Amino acid sequence: MNLSDFTVFRKPKLRRHGDWPATEFEASEVPPGGQWPWPNIGRPLVQLEQIETAFHEAGHAVVARYFGLNVIQLSIRIRGEYYGTVWRSRYPTFSRRVFQTEKAAVLAYENLDPPHPASLDAPRPRGLLGDEGKIHVALAGFVAAKKHLGYSILGISGGDLKNFHRGVSCCYGGPSGFVPGSSIAFLRDRYLNSCEEILSKPEIWEWVEAVAEAALRSECGVLTGDEIDSLWPLSPNQPDPLLPTAA
């Protein structure tokens with residue numbers, strides 16, 4: 001591996017699965033390619049996979065909004081081997097830190113000095129709510145789908161795990177971004193449990209259900225960020241706390 005490998009992180013490909021920053025297209029525009037309705041949708045297993053995908057992507061989107069992160073579009077159109085995507089706004093500061101962390105990891109790869117240990121003492125990474133949100137979002141899709149079905153057919157996608165590992169390395173790793181496997185497992189369990197707590201809030205889960213059902217009923221398998229926000233279940237005279245209250 002060399003430093004040129006990291007140029008791919010600067011220009012994400014358009015056809016990429018999972019929760020990732022949006023490239024250049026309007027929120028109301030149907031993403032290029034993809035299939036809708038799904039092929040063989042009359043088969044029970046395909047129907048279950050589509051429902052799981054809708055709740056998976058709804059979980060990503062709603063938890064992102066819960067933490068105040070902008071969502072541009074949700075899609076459950078099949079695109080190649082991938083079933084769904086949530087596009088979010090690009091966050092240059094966080095993306096730059098992830099890139100610098102991964103670059104440092106390459107530089108440390110052949111360093112004989114032992115890596116700096118990860119610090120797991122702080123309950124929140126670097127005290128930044130936005131970073132906390134991005135790590136939660138990576139796992140929220142799996143938790144939402146499993147909560148709805150009681151099990152998961154598709155599991156945690158490789159793209160979601162990659163986003164989780166990048167966020168953890170950036171926020172919890174030392175200067176080289178190194179986080180040992182045991183700590184990754186500990187943090188994964190911590191964030192899975194936290195996602196379960198968030199999605200167990202009645203108003204949040206009602207929102208997830210509304211978004212998933214709207215995606216399944218949509219004409220093109222796509223919802224805009226505004227459409228997702230419009231499904232927030234609280235009535236107009238109630239407070240609209242998208243951000244969690246401080247402990």
# chains A, B, ... in the order shown; residues from 1 in each chain; ligands from 1
>>> closest_atom_pairs(of="region 159-215 of chain A", to="region 41-51 of chain A", cutoff="10 Å", atoms="only C-alpha atoms", output="Markdown table")
| residue | atom | partner | partner_atom | distance |
| --- | --- | --- | --- | --- |
| A:Ala212 | CA | A:Ile51 | CA | 7.8 |
| A:Glu213 | CA | A:Ile51 | CA | 8.6 |
| A:Ala215 | CA | A:Ile51 | CA | 9.6 |
>>> residues_around(residues="Arg217 (chain A)", least_positions_apart="2", cutoff="12 Å", atoms="only C-alpha atoms", output="compact mmCIF listing (two decimals) with C-alpha atoms, in the first residue's frame")
# COMPACT_ATOMS: atom_id res chain seq x y z
CA TRP A 36 -37.36 -0.04 -9.78
CA PRO A 37 -39.52 -1.98 -9.14
CA GLN A 50 -36.84 -5.00 -0.04
CA ILE A 51 -38.58 -4.34 3.28
CA ALA A 54 -36.23 0.20 3.24
CA ILE A 76 -33.88 1.81 -2.38
CA ALA A 210 -43.03 6.35 8.09
CA VAL A 211 -39.86 6.84 6.00
CA ALA A 212 -39.55 3.13 5.16
CA GLU A 213 -43.20 2.85 4.17
CA ALA A 214 -43.00 6.02 2.06
CA ALA A 215 -39.93 4.69 0.25
CA GLU A 219 -42.97 5.99 -7.59
CA CYS A 220 -39.22 5.67 -8.18
CA GLY A 221 -37.87 4.19 -4.94
CA VAL A 222 -36.47 7.58 -3.91
CA LEU A 223 -37.23 10.12 -1.16
>>> atom_distance(atom1="CA of Leu161 (chain A)", atom2="CA of Gly173 (chain A)")
16.3 Å
>>> atom_distance(atom1="CA of Val62 (chain A)", atom2="CA of Val179 (chain A)")
28.1 Å
>>> closest_residue(among="A:Lys147, A:Arg65, A:His56, A:His165", to="Ile135 (chain A)", atoms="only C-alpha atoms")
A:His165
>>> residues_around(residues="Tyr191 (chain A)", least_positions_apart="4", cutoff="9 Å", atoms="only C-alpha atoms", output="ChimeraX atom specification")
/A:135-136,139-140,186-187,195-196
>>> write_last_selection(atoms="N, CA and C atoms", output="PDB file, in the first residue's frame")
ATOM      1  N   ILE A 135     -20.702   8.296  13.384  1.00  0.00           N
ATOM      2  CA  ILE A 135     -20.404   6.919  13.770  1.00  0.00           C
ATOM      3  C   ILE A 135     -21.697   6.152  14.012  1.00  0.00           C
ATOM      4  N   HIS A 136     -22.674   6.785  14.673  1.00  0.00           N
ATOM      5  CA  HIS A 136     -23.970   6.142  14.880  1.00  0.00           C
ATOM      6  C   HIS A 136     -24.641   5.792  13.546  1.00  0.00           C
ATOM      7  N   LEU A 139     -24.039   2.455  11.724  1.00  0.00           N
ATOM      8  CA  LEU A 139     -24.613   1.206  12.241  1.00  0.00           C
ATOM      9  C   LEU A 139     -26.126   1.250  12.365  1.00  0.00           C
ATOM     10  N   ALA A 140     -26.709   2.437  12.233  1.00  0.00           N
ATOM     11  CA  ALA A 140     -28.144   2.592  12.494  1.00  0.00           C
ATOM     12  C   ALA A 140     -29.008   1.824  11.506  1.00  0.00           C
ATOM     13  N   PHE A 186     -15.395  -3.578  21.007  1.00  0.00           N
ATOM     14  CA  PHE A 186     -16.023  -2.924  22.158  1.00  0.00           C
ATOM     15  C   PHE A 186     -16.831  -1.714  21.710  1.00  0.00           C
ATOM     16  N   LEU A 187     -16.242  -0.896  20.848  1.00  0.00           N
ATOM     17  CA  LEU A 187     -16.929   0.304  20.378  1.00  0.00           C
ATOM     18  C   LEU A 187     -18.121  -0.049  19.487  1.00  0.00           C
ATOM     19  N   CYS A 195     -27.537   2.924  19.329  1.00  0.00           N
ATOM     20  CA  CYS A 195     -28.513   3.031  18.238  1.00  0.00           C
ATOM     21  C   CYS A 195     -29.840   2.398  18.637  1.00  0.00           C
ATOM     22  N   GLU A 196     -29.774   1.282  19.330  1.00  0.00           N
ATOM     23  CA  GLU A 196     -31.003   0.633  19.783  1.00  0.00           C
ATOM     24  C   GLU A 196     -31.780   1.534  20.734  1.00  0.00           C
TER      25      GLU A 196
END
>>> closest_residue(among="A:Val137, A:Ile153, A:Cys170, A:Leu234", to="Ile204 (chain A)", atoms="only C-alpha atoms")
A:Leu234
>>> closest_residue(among="A:Pro202, A:Glu132, A:Asn163, A:Leu154", to="Arg190 (chain A)", atoms="only C-alpha atoms")
A:Glu132
>>> atom_distance(atom1="CA of Asn193 (chain A)", atom2="CA of Ala145 (chain A)")
14.3 Å
>>> residues_around(residues="Glu203 (chain A)", least_positions_apart="4", cutoff="9 Å", atoms="only C-alpha atoms", output="JSON, numbers by chain")
{"A": [199, 207, 208, 232, 233, 234]}
>>> closest_residue(among="A:Val71, A:Ala138, A:Leu149, A:Val168", to="Thr53 (chain A)", atoms="only C-alpha atoms")
A:Leu149
>>> closest_residue(among="A:Gly84, A:Gly68, A:Gly181, A:Gly225", to="Ser157 (chain A)", atoms="only C-alpha atoms")
A:Gly84
